[in-house]
>>> print(open('model39.cif').read())   # mmCIF, C-alpha atoms and all ligand atoms
data_coords
loop_
_atom_site.label_atom_id
_atom_site.label_comp_id
_atom_site.auth_asym_id
_atom_site.auth_seq_id
_atom_site.Cartn_x
_atom_site.Cartn_y
_atom_site.Cartn_z
CA MET A 1 167.14 -73.61 195.70
CA THR A 2 167.69 -77.32 196.23
CA GLU A 3 168.79 -79.35 193.24
CA GLY A 4 165.89 -80.92 191.41
CA THR A 5 162.90 -78.99 192.74
CA ALA A 6 161.41 -75.81 191.34
CA PRO A 7 160.76 -73.48 194.28
CA SER A 8 157.38 -71.95 194.97
CA GLY A 9 156.31 -68.62 196.49
CA ASN A 10 159.60 -66.96 195.68
CA LEU A 11 160.78 -63.56 194.58
CA VAL A 12 163.57 -63.38 192.04
CA GLN A 13 165.15 -60.22 190.74
CA THR A 14 167.59 -61.29 188.05
CA ALA A 15 167.13 -62.94 184.67
CA GLY A 16 169.85 -65.43 185.62
CA GLU A 17 168.01 -66.68 188.73
CA LEU A 18 164.77 -66.74 186.78
CA SER A 19 166.13 -68.85 183.94
CA ALA A 20 167.68 -71.35 186.38
CA ILE A 21 164.22 -71.87 187.91
CA VAL A 22 162.46 -71.95 184.55
CA ARG A 23 164.89 -74.65 183.39
CA LEU A 24 163.92 -76.85 186.34
CA VAL A 25 160.22 -76.23 185.84
CA ARG A 26 160.52 -77.13 182.16
CA ARG A 27 162.56 -80.21 182.94
CA ASP A 28 159.63 -81.36 185.10
CA GLY A 29 157.45 -81.03 181.97
CA LYS A 30 155.34 -78.24 183.49
CA ARG A 31 153.38 -75.75 181.46
CA ILE A 32 154.39 -72.19 182.40
CA GLY A 33 151.89 -69.33 182.56
CA PHE A 34 153.05 -65.72 182.72
CA VAL A 35 151.29 -62.57 183.90
CA PRO A 36 153.26 -59.39 183.21
CA THR A 37 152.30 -56.44 185.45
CA MET A 38 153.58 -53.13 186.73
CA GLY A 39 152.43 -53.96 190.26
CA ALA A 40 149.84 -52.09 192.34
CA LEU A 41 147.85 -55.25 191.82
CA HIS A 42 144.06 -55.34 191.90
CA ASP A 43 141.44 -57.95 191.14
CA GLY A 44 141.88 -57.42 187.41
CA HIS A 45 145.50 -58.60 187.66
CA LEU A 46 144.52 -61.42 190.00
CA SER A 47 141.93 -62.63 187.48
CA LEU A 48 144.84 -63.08 185.04
CA VAL A 49 146.78 -65.00 187.69
CA ARG A 50 143.75 -67.23 188.27
CA ALA A 51 143.40 -67.84 184.53
CA SER A 52 147.03 -68.94 184.46
CA LEU A 53 146.57 -71.18 187.52
CA ASP A 54 143.60 -72.83 185.81
CA GLU A 55 145.46 -73.54 182.61
CA CYS A 56 149.11 -73.93 183.58
CA ASP A 57 151.19 -75.83 186.13
CA TYR A 58 153.53 -73.02 187.14
CA THR A 59 152.64 -69.31 187.20
CA VAL A 60 155.15 -66.48 187.04
CA VAL A 61 154.03 -62.89 187.72
CA SER A 62 156.38 -60.06 186.80
CA ILE A 63 156.27 -56.74 188.60
CA TYR A 64 158.23 -54.08 186.79
CA ILE A 65 157.36 -50.44 186.23
CA ASN A 66 158.77 -50.06 182.75
CA PRO A 67 160.11 -46.51 182.34
CA SER A 68 160.32 -46.74 178.55
CA GLN A 69 156.53 -46.90 178.15
CA PHE A 70 155.95 -43.62 180.03
CA GLY A 71 156.19 -40.34 178.15
CA ALA A 72 157.66 -37.10 179.46
CA GLY A 73 155.22 -35.56 181.95
CA GLU A 74 153.40 -38.86 182.56
CA ASP A 75 153.03 -40.57 185.93
CA LEU A 76 156.22 -42.68 186.10
CA GLN A 77 157.41 -41.08 189.36
CA GLN A 78 153.95 -41.16 190.90
CA TYR A 79 153.10 -44.73 189.82
CA PRO A 80 152.26 -46.74 192.97
CA ARG A 81 155.06 -48.99 194.21
CA THR A 82 153.60 -51.66 196.50
CA LEU A 83 155.90 -54.67 196.09
CA ASP A 84 155.29 -56.22 199.53
CA ALA A 85 151.50 -56.08 199.24
CA ASP A 86 151.72 -57.31 195.64
CA ARG A 87 153.85 -60.29 196.64
CA GLU A 88 151.38 -61.20 199.35
CA ALA A 89 148.42 -60.93 196.97
CA VAL A 90 150.12 -63.03 194.33
CA GLN A 91 151.15 -65.70 196.82
CA ALA A 92 147.70 -65.78 198.44
CA CYS A 93 146.30 -66.37 194.96
CA GLY A 94 148.62 -69.35 194.52
CA ALA A 95 151.13 -68.10 191.94
CA ASP A 96 154.56 -69.71 192.11
CA LEU A 97 157.05 -66.99 191.39
CA VAL A 98 157.32 -63.19 191.36
CA PHE A 99 159.91 -61.74 189.03
CA ALA A 100 160.70 -58.15 190.01
CA PRO A 101 163.78 -57.05 188.09
CA SER A 102 165.53 -53.71 188.52
CA SER A 103 165.88 -51.30 185.62
CA GLU A 104 169.62 -52.11 185.49
CA GLU A 105 168.62 -55.72 184.89
CA VAL A 106 166.12 -54.91 182.13
CA TYR A 107 168.00 -52.06 180.46
CA PRO A 108 171.70 -52.49 181.33
CA PRO A 109 174.21 -49.84 180.24
CA GLY A 110 174.58 -49.87 176.46
CA TYR A 111 171.03 -51.13 175.90
CA ALA A 112 170.08 -50.17 172.31
CA THR A 113 167.37 -52.42 170.84
CA TRP A 114 163.71 -51.45 170.48
CA VAL A 115 160.63 -53.13 169.06
CA GLU A 116 158.33 -51.04 166.88
CA VAL A 117 154.97 -52.56 165.99
CA GLY A 118 153.29 -51.08 162.91
CA SER A 119 149.81 -49.82 162.12
CA VAL A 120 147.86 -51.31 165.03
CA ALA A 121 150.10 -49.35 167.45
CA GLU A 122 149.62 -46.04 165.67
CA PRO A 123 146.09 -44.71 166.43
CA LEU A 124 144.41 -44.05 169.81
CA GLU A 125 146.97 -44.65 172.59
CA GLY A 126 149.75 -44.54 169.99
CA GLU A 127 148.71 -41.07 168.95
CA CYS A 128 148.13 -39.74 172.48
CA ARG A 129 151.22 -41.39 173.97
CA PRO A 130 154.01 -41.33 171.37
CA GLY A 131 156.60 -44.04 172.08
CA HIS A 132 154.30 -45.84 174.53
CA PHE A 133 153.89 -49.02 172.50
CA ARG A 134 157.56 -49.09 171.55
CA GLY A 135 158.27 -49.31 175.29
CA VAL A 136 155.51 -51.86 175.88
CA ALA A 137 156.47 -54.11 172.96
CA THR A 138 160.14 -54.00 173.91
CA VAL A 139 159.64 -54.88 177.55
CA VAL A 140 157.02 -57.54 176.82
CA LEU A 141 159.32 -59.23 174.31
CA LYS A 142 162.20 -59.11 176.79
CA LEU A 143 160.02 -60.53 179.56
CA LEU A 144 158.69 -63.27 177.26
CA ASN A 145 162.28 -64.18 176.37
CA MET A 146 163.30 -64.24 180.03
CA VAL A 147 160.31 -66.22 181.33
CA ALA A 148 159.83 -68.38 178.20
CA PRO A 149 156.19 -69.13 179.11
CA ASP A 150 153.80 -71.37 177.22
CA VAL A 151 150.95 -68.91 177.76
CA ALA A 152 150.93 -65.18 178.63
CA TYR A 153 147.91 -63.34 180.00
CA PHE A 154 146.79 -59.77 179.29
CA GLY A 155 143.69 -57.81 180.25
CA GLN A 156 141.14 -56.58 177.74
CA LYS A 157 141.09 -53.18 179.46
CA ASP A 158 144.28 -52.43 177.54
CA TYR A 159 142.57 -53.48 174.32
CA GLN A 160 145.11 -51.93 171.97
CA GLN A 161 148.04 -53.26 174.01
CA ALA A 162 146.69 -56.79 173.59
CA LEU A 163 146.48 -56.30 169.81
CA VAL A 164 150.00 -54.89 169.72
CA VAL A 165 151.35 -57.85 171.71
CA ARG A 166 149.50 -60.35 169.50
CA ARG A 167 150.89 -58.70 166.35
CA MET A 168 154.42 -58.68 167.74
CA VAL A 169 154.28 -62.31 168.85
CA GLU A 170 152.99 -63.38 165.46
CA ASP A 171 155.40 -61.23 163.44
CA LEU A 172 158.47 -62.22 165.46
CA ASN A 173 157.57 -65.93 165.83
CA VAL A 174 157.56 -65.79 169.62
CA PRO A 175 156.53 -69.27 170.78
CA VAL A 176 153.82 -68.28 173.25
CA ALA A 177 150.03 -68.35 173.27
CA ILE A 178 148.45 -65.01 174.17
CA ARG A 179 145.24 -65.01 176.21
CA VAL A 180 143.19 -61.86 176.67
CA CYS A 181 140.94 -61.94 179.74
CA PRO A 182 137.77 -59.91 180.35
CA ILE A 183 137.80 -56.52 182.08
CA VAL A 184 137.13 -56.72 185.82
CA ARG A 185 134.91 -53.88 187.04
CA GLU A 186 134.10 -52.24 190.36
CA PRO A 187 130.45 -52.56 191.51
CA ASP A 188 129.62 -49.22 189.81
CA GLY A 189 131.20 -50.39 186.56
CA LEU A 190 134.54 -48.54 186.68
CA ALA A 191 137.19 -50.76 185.10
CA MET A 192 139.79 -51.76 187.70
CA SER A 193 143.07 -49.95 187.17
CA SER A 194 146.12 -49.19 189.27
CA ARG A 195 145.53 -45.55 188.37
CA ASN A 196 142.06 -45.46 190.01
CA ARG A 197 143.81 -44.86 193.32
CA TYR A 198 144.85 -41.39 192.09
CA LEU A 199 141.18 -40.31 192.03
CA SER A 200 139.68 -38.16 194.80
CA PRO A 201 136.37 -39.52 196.19
CA GLN A 202 134.47 -37.05 194.01
CA ALA A 203 136.42 -37.91 190.86
CA ARG A 204 136.05 -41.60 191.66
CA GLU A 205 132.29 -41.19 191.72
CA GLN A 206 132.35 -39.22 188.47
CA ALA A 207 134.51 -41.88 186.79
CA ALA A 208 131.60 -44.36 186.78
CA VAL A 209 130.33 -42.36 183.80
CA LEU A 210 132.84 -44.13 181.56
CA TRP A 211 131.05 -47.43 182.05
CA GLN A 212 127.65 -45.70 181.79
CA SER A 213 128.73 -44.23 178.46
CA LEU A 214 129.80 -47.65 177.13
CA CYS A 215 126.40 -49.03 178.19
CA LEU A 216 124.66 -46.13 176.46
CA ALA A 217 126.50 -46.93 173.24
CA GLY A 218 125.46 -50.58 173.57
CA ARG A 219 121.82 -49.54 173.95
CA LEU A 220 122.00 -47.18 170.96
CA VAL A 221 123.34 -49.98 168.78
CA GLU A 222 120.64 -52.35 170.06
CA GLN A 223 118.02 -49.74 169.16
CA GLY A 224 119.32 -49.61 165.60
CA GLN A 225 121.75 -46.67 165.61
CA ARG A 226 124.55 -47.48 163.18
CA ASP A 227 126.15 -44.07 162.66
CA ALA A 228 129.51 -44.15 164.48
CA GLU A 229 129.81 -40.37 164.82
CA ALA A 230 126.29 -40.08 166.26
CA ILE A 231 127.15 -42.74 168.86
CA ALA A 232 130.49 -41.09 169.69
CA GLU A 233 128.74 -37.73 170.09
CA GLN A 234 126.24 -39.13 172.61
CA VAL A 235 129.06 -40.87 174.51
CA ARG A 236 131.05 -37.61 174.68
CA ARG A 237 127.98 -35.68 175.86
CA LEU A 238 127.23 -38.13 178.64
CA ILE A 239 130.87 -38.12 179.83
CA LEU A 240 130.99 -34.33 179.91
CA SER A 241 127.58 -34.10 181.64
CA ALA A 242 129.02 -35.91 184.70
CA GLY A 243 131.57 -33.24 185.54
CA PRO A 244 134.80 -31.65 184.35
CA ALA A 245 136.72 -34.03 182.10
CA ARG A 246 139.07 -33.92 179.16
CA ILE A 247 138.34 -36.47 176.47
CA ASP A 248 141.44 -37.69 174.63
CA TYR A 249 139.35 -39.84 172.31
CA VAL A 250 136.08 -41.66 171.88
CA ALA A 251 136.70 -44.00 168.96
CA LEU A 252 134.65 -46.60 167.12
CA ALA A 253 136.98 -48.86 165.22
CA ASP A 254 137.50 -52.21 163.59
CA PRO A 255 138.25 -54.63 166.45
CA GLU A 256 141.31 -56.13 164.70
CA THR A 257 142.90 -53.26 162.77
CA LEU A 258 141.64 -50.33 164.89
CA ARG A 259 140.84 -48.43 161.70
CA PRO A 260 137.96 -46.02 162.37
CA VAL A 261 134.54 -47.12 161.16
CA ALA A 262 131.82 -44.82 159.87
CA ARG A 263 129.06 -47.32 160.55
CA VAL A 264 128.56 -50.08 163.12
CA GLU A 265 127.65 -52.89 160.75
CA GLY A 266 129.72 -55.66 162.35
CA THR A 267 131.42 -56.13 165.71
CA THR A 268 133.08 -52.81 166.54
CA VAL A 269 135.30 -51.74 169.40
CA LEU A 270 134.35 -48.58 171.24
CA ALA A 271 137.47 -47.31 173.00
CA LEU A 272 137.80 -44.22 175.14
CA ALA A 273 140.42 -42.30 177.03
CA VAL A 274 139.31 -39.59 179.42
CA ARG A 275 141.12 -37.44 181.97
CA ILE A 276 139.28 -36.77 185.16
CA GLU A 277 141.08 -34.48 187.58
CA GLY A 278 144.24 -35.11 185.57
CA THR A 279 144.01 -38.91 185.91
CA ARG A 280 143.91 -40.59 182.54
CA LEU A 281 141.44 -43.49 182.40
CA ILE A 282 140.86 -45.83 179.49
CA ASP A 283 138.02 -48.26 178.88
CA ASN A 284 136.41 -50.10 176.00
CA CYS A 285 133.72 -52.52 174.95
CA LEU A 286 132.72 -54.44 171.88
CA LEU A 287 129.52 -53.36 170.18
CA HIS A 288 127.61 -56.16 168.50
CA PRO A 289 124.79 -55.05 166.21
CA PRO A 290 122.04 -57.68 166.68
CA ASP A 291 121.70 -58.22 162.93
CA ALA A 292 125.46 -58.56 162.24
CA SER A 293 126.64 -61.85 160.82
O1 LIG A 301 149.76 -53.65 181.13
C1 LIG A 301 150.76 -53.39 181.81
O2 LIG A 301 150.72 -53.36 183.04
C2 LIG A 301 152.10 -53.11 181.11
O3 LIG A 301 151.91 -52.39 179.95
C3 LIG A 301 152.94 -54.37 180.86
C4 LIG A 301 152.22 -55.32 179.88
C5 LIG A 301 153.20 -55.09 182.16
C6 LIG A 301 154.28 -54.00 180.22
O4 LIG A 301 155.01 -53.15 181.06
#
>>> encode(input="model39.cif", output="structure tokens")
Amino acid sequence: MTEGTAPSGNLVQTAGELSAIVRLVRRDGKRIGFVPTMGALHDGHLSLVRASLDECDYTVVSIYINPSQFGAGEDLQQYPRTLDADREAVQACGADLVFAPSSEEVYPPGYATWVEVGSVAEPLEGECRPGHFRGVATVVLKLLNMVAPDVAYFGQKDYQQALVVRRMVEDLNVPVAIRVCPIVREPDGLAMSSRNRYLSPQAREQAAVLWQSLCLAGRLVEQGQRDAEAIAEQVRRLILSAGPARIDYVALADPETLRPVARVEGTTVLALAVRIEGTRLIDNCLLHPPDAS
């Protein structure tokens, strides 16, 4: 790195190198945007990079498969590792820096501090994946401290994760603005996810039912159905009619607190987690009753 210029198109792997660059970028008065990822990048991730490019002067993308957010028996070992392709995609998009730390860098020997977010982290994913949000909140806080961005970008597909991050940032006075960007979908409606690549062609076809079930719920609400359990029941039926699947949850909840609702009287989040052929997929949408204030 030459004195006085912040490099572009680079890969850095240590927090030390990163902060040296960030210092230069800041000194130039640039606004830093940050997109945290676990790699295996798809258009959903790249939409976050583009949002950062639109709003910020310097975009950092992290690629780190965070072991502490995977439970025992989950897909940590299997999770796709595609650093070279990811770097190319990020650079082609126009991002400035890829931060890809090792686990020794993120969790050095003796590491002992964890972030626990309260009630919003408890239901849904929190219940199905104990310890997941403790791992997410911890690594996101560490990454935010390392990158020190002005703005950080998250996808709405991980609806609960975005709420957990917002809560943490507010509660711990982290000086960053959090943006949550819309879900990017395949032509048949399946939400883009790094895990979609686990699906066999048949399971991939079946997985479109998740989006169809969200659309069904939207139509039911438009037609006047307000009973949350009745909507959830129809969603479950449609999912199971498409082929073998295990439903972890179909939940209608308050969009801010994630407390379950009995009736869809105001904007409500419909969140679901379904295993198809052992691959766990999540998706969600907001339901807006036409007569809600
Ligand atoms: O959404 C993800 O990919 C991860 O949970 C994140 C935010 C990069 C933390 O590891």
>>> residues_near_ligand(input="model39.cif", ligand="ligand LIG 301 (chain A)", cutoff="6 Å", atoms="all atoms listed in the file", output="PyMOL selection string")
chain A and resi 36-38+66+136+140
>>> write_last_selection(input="model39.cif", atoms="C-alpha atoms", output="mmCIF file, keeping the file's coordinate frame")
data_model
loop_
_atom_site.group_PDB
_atom_site.id
_atom_site.type_symbol
_atom_site.label_atom_id
_atom_site.label_comp_id
_atom_site.auth_asym_id
_atom_site.auth_seq_id
_atom_site.Cartn_x
_atom_site.Cartn_y
_atom_site.Cartn_z
ATOM 1 C CA PRO A 36 153.260 -59.390 183.210
ATOM 2 C CA THR A 37 152.300 -56.440 185.450
ATOM 3 C CA MET A 38 153.580 -53.130 186.730
ATOM 4 C CA ASN A 66 158.770 -50.060 182.750
ATOM 5 C CA VAL A 136 155.510 -51.860 175.880
ATOM 6 C CA VAL A 140 157.020 -57.540 176.820
#
>>> closest_residue(input="model39.cif", among="A:Leu124, A:Met192, A:Leu199, A:Leu220", to="Pro260 in chain A", atoms="all atoms listed in the file")
A:Leu124
>>> atom_distance(input="model39.cif", atom1="CA of Ala40 in chain A", atom2="CA of Tyr198 in chain A")
11.8 Å
>>> residues_around(input="model39.cif", residues="Arg167 in chain A", least_positions_apart="6", cutoff="9 Å", atoms="only C-alpha atoms", output="mmCIF file with C-alpha atoms, in the coordinates of the input")
data_model
loop_
_atom_site.group_PDB
_atom_site.id
_atom_site.type_symbol
_atom_site.label_atom_id
_atom_site.label_comp_id
_atom_site.auth_asym_id
_atom_site.auth_seq_id
_atom_site.Cartn_x
_atom_site.Cartn_y
_atom_site.Cartn_z
ATOM 1 C CA VAL A 117 154.970 -52.560 165.990
ATOM 2 C CA GLY A 118 153.290 -51.080 162.910
ATOM 3 C CA VAL A 120 147.860 -51.310 165.030
#
>>> residues_around(input="model39.cif", residues="Ala15 in chain A", least_positions_apart="2", cutoff="8 Å", atoms="all atoms listed in the file", output="PDB file with C-alpha atoms, keeping the file's coordinate frame")
ATOM      1  CA  GLN A  13     165.150 -60.220 190.740  1.00  0.00           C
ATOM      2  CA  GLU A  17     168.010 -66.680 188.730  1.00  0.00           C
ATOM      3  CA  LEU A  18     164.770 -66.740 186.780  1.00  0.00           C
ATOM      4  CA  SER A  19     166.130 -68.850 183.940  1.00  0.00           C
ATOM      5  CA  PRO A 101     163.780 -57.050 188.090  1.00  0.00           C
ATOM      6  CA  GLU A 105     168.620 -55.720 184.890  1.00  0.00           C
ATOM      7  CA  MET A 146     163.300 -64.240 180.030  1.00  0.00           C
TER       8      MET A 146
END
>>> residues_around(input="model39.cif", residues="range 51-64 of chain A", least_positions_apart="4", cutoff="6 Å", atoms="only C-alpha atoms", output="list in words")
Lys30, Arg31, Ile32, Gly33, Phe34, Val35, Pro36, Thr37, Met38, Gly39, Ala95, Asp96, Leu97, Val98, Phe99 and Ala100 of chain A
>>> closest_residue(input="model39.cif", among="A:Ala230, A:Ala273, A:Ala177, A:Val235", to="Arg129 in chain A", atoms="only C-alpha atoms")
A:Ala273
>>> closest_residue(input="model39.cif", among="A:Gly73, A:Val209, A:Ser102, A:Ser119", to="Gly278 in chain A", atoms="all atoms listed in the file")
A:Gly73
>>> closest_residue(input="model39.cif", among="A:Asn173, A:Thr14, A:Thr82, A:Gln161", to="Val106 in chain A", atoms="all atoms listed in the file")
A:Thr14
>>> closest_residue(input="model39.cif", among="A:Gln69, A:Asn10, A:Asp75, A:Pro149", to="Val90 in chain A", atoms="all atoms listed in the file")
A:Asn10
>>> axis_aligned_box(input="model39.cif", around="range 190-205 of chain A", padding_each_side="5 Å", output="AutoDock Vina command-line options")
--center_x 139.2 --center_y -44.4 --center_z 190.6 --size_x 23.8 --size_y 24.7 --size_z 21.1
>>> residues_near_point(input="model39.cif", point="(124.9, -52.7, 175.8)", cutoff="12 Å", atoms="only C-alpha atoms", output="JSON, numbers by chain")
{"A": [211, 212, 213, 214, 215, 216, 217, 218, 219, 220, 221, 222, 223, 270, 284, 285, 286, 287, 288, 289, 290]}
>>> atom_distance(input="model39.cif", atom1="CA of Thr138 in chain A", atom2="CA of Pro109 in chain A")
16.0 Å
>>> closest_residue(input="model39.cif", among="A:Glu170, A:Glu277, A:Glu265, A:Asp227", to="Glu205 in chain A", atoms="only C-alpha atoms")
A:Glu277
>>> atom_distance(input="model39.cif", atom1="CA of Val22 in chain A", atom2="CA of Leu48 in chain A")
19.7 Å
>>> residues_around(input="model39.cif", residues="Glu122 in chain A", least_positions_apart="6", cutoff="12 Å", atoms="all atoms listed in the file", output="list in words")
Glu116, Cys128, Arg129, Pro130, Gly131, His132, Phe133, Arg134, Gln160, Gln161, Leu163, Val164, Thr257, Leu258 and Arg259 of chain A
>>> write_last_selection(input="model39.cif", atoms="C-alpha atoms", output="CSV table (one decimal), keeping the file's coordinate frame")
chain,number,residue,atom,x,y,z
A,116,GLU,CA,158.3,-51.0,166.9
A,128,CYS,CA,148.1,-39.7,172.5
A,129,ARG,CA,151.2,-41.4,174.0
A,130,PRO,CA,154.0,-41.3,171.4
A,131,GLY,CA,156.6,-44.0,172.1
A,132,HIS,CA,154.3,-45.8,174.5
A,133,PHE,CA,153.9,-49.0,172.5
A,134,ARG,CA,157.6,-49.1,171.6
A,160,GLN,CA,145.1,-51.9,172.0
A,161,GLN,CA,148.0,-53.3,174.0
A,163,LEU,CA,146.5,-56.3,169.8
A,164,VAL,CA,150.0,-54.9,169.7
A,257,THR,CA,142.9,-53.3,162.8
A,258,LEU,CA,141.6,-50.3,164.9
A,259,ARG,CA,140.8,-48.4,161.7
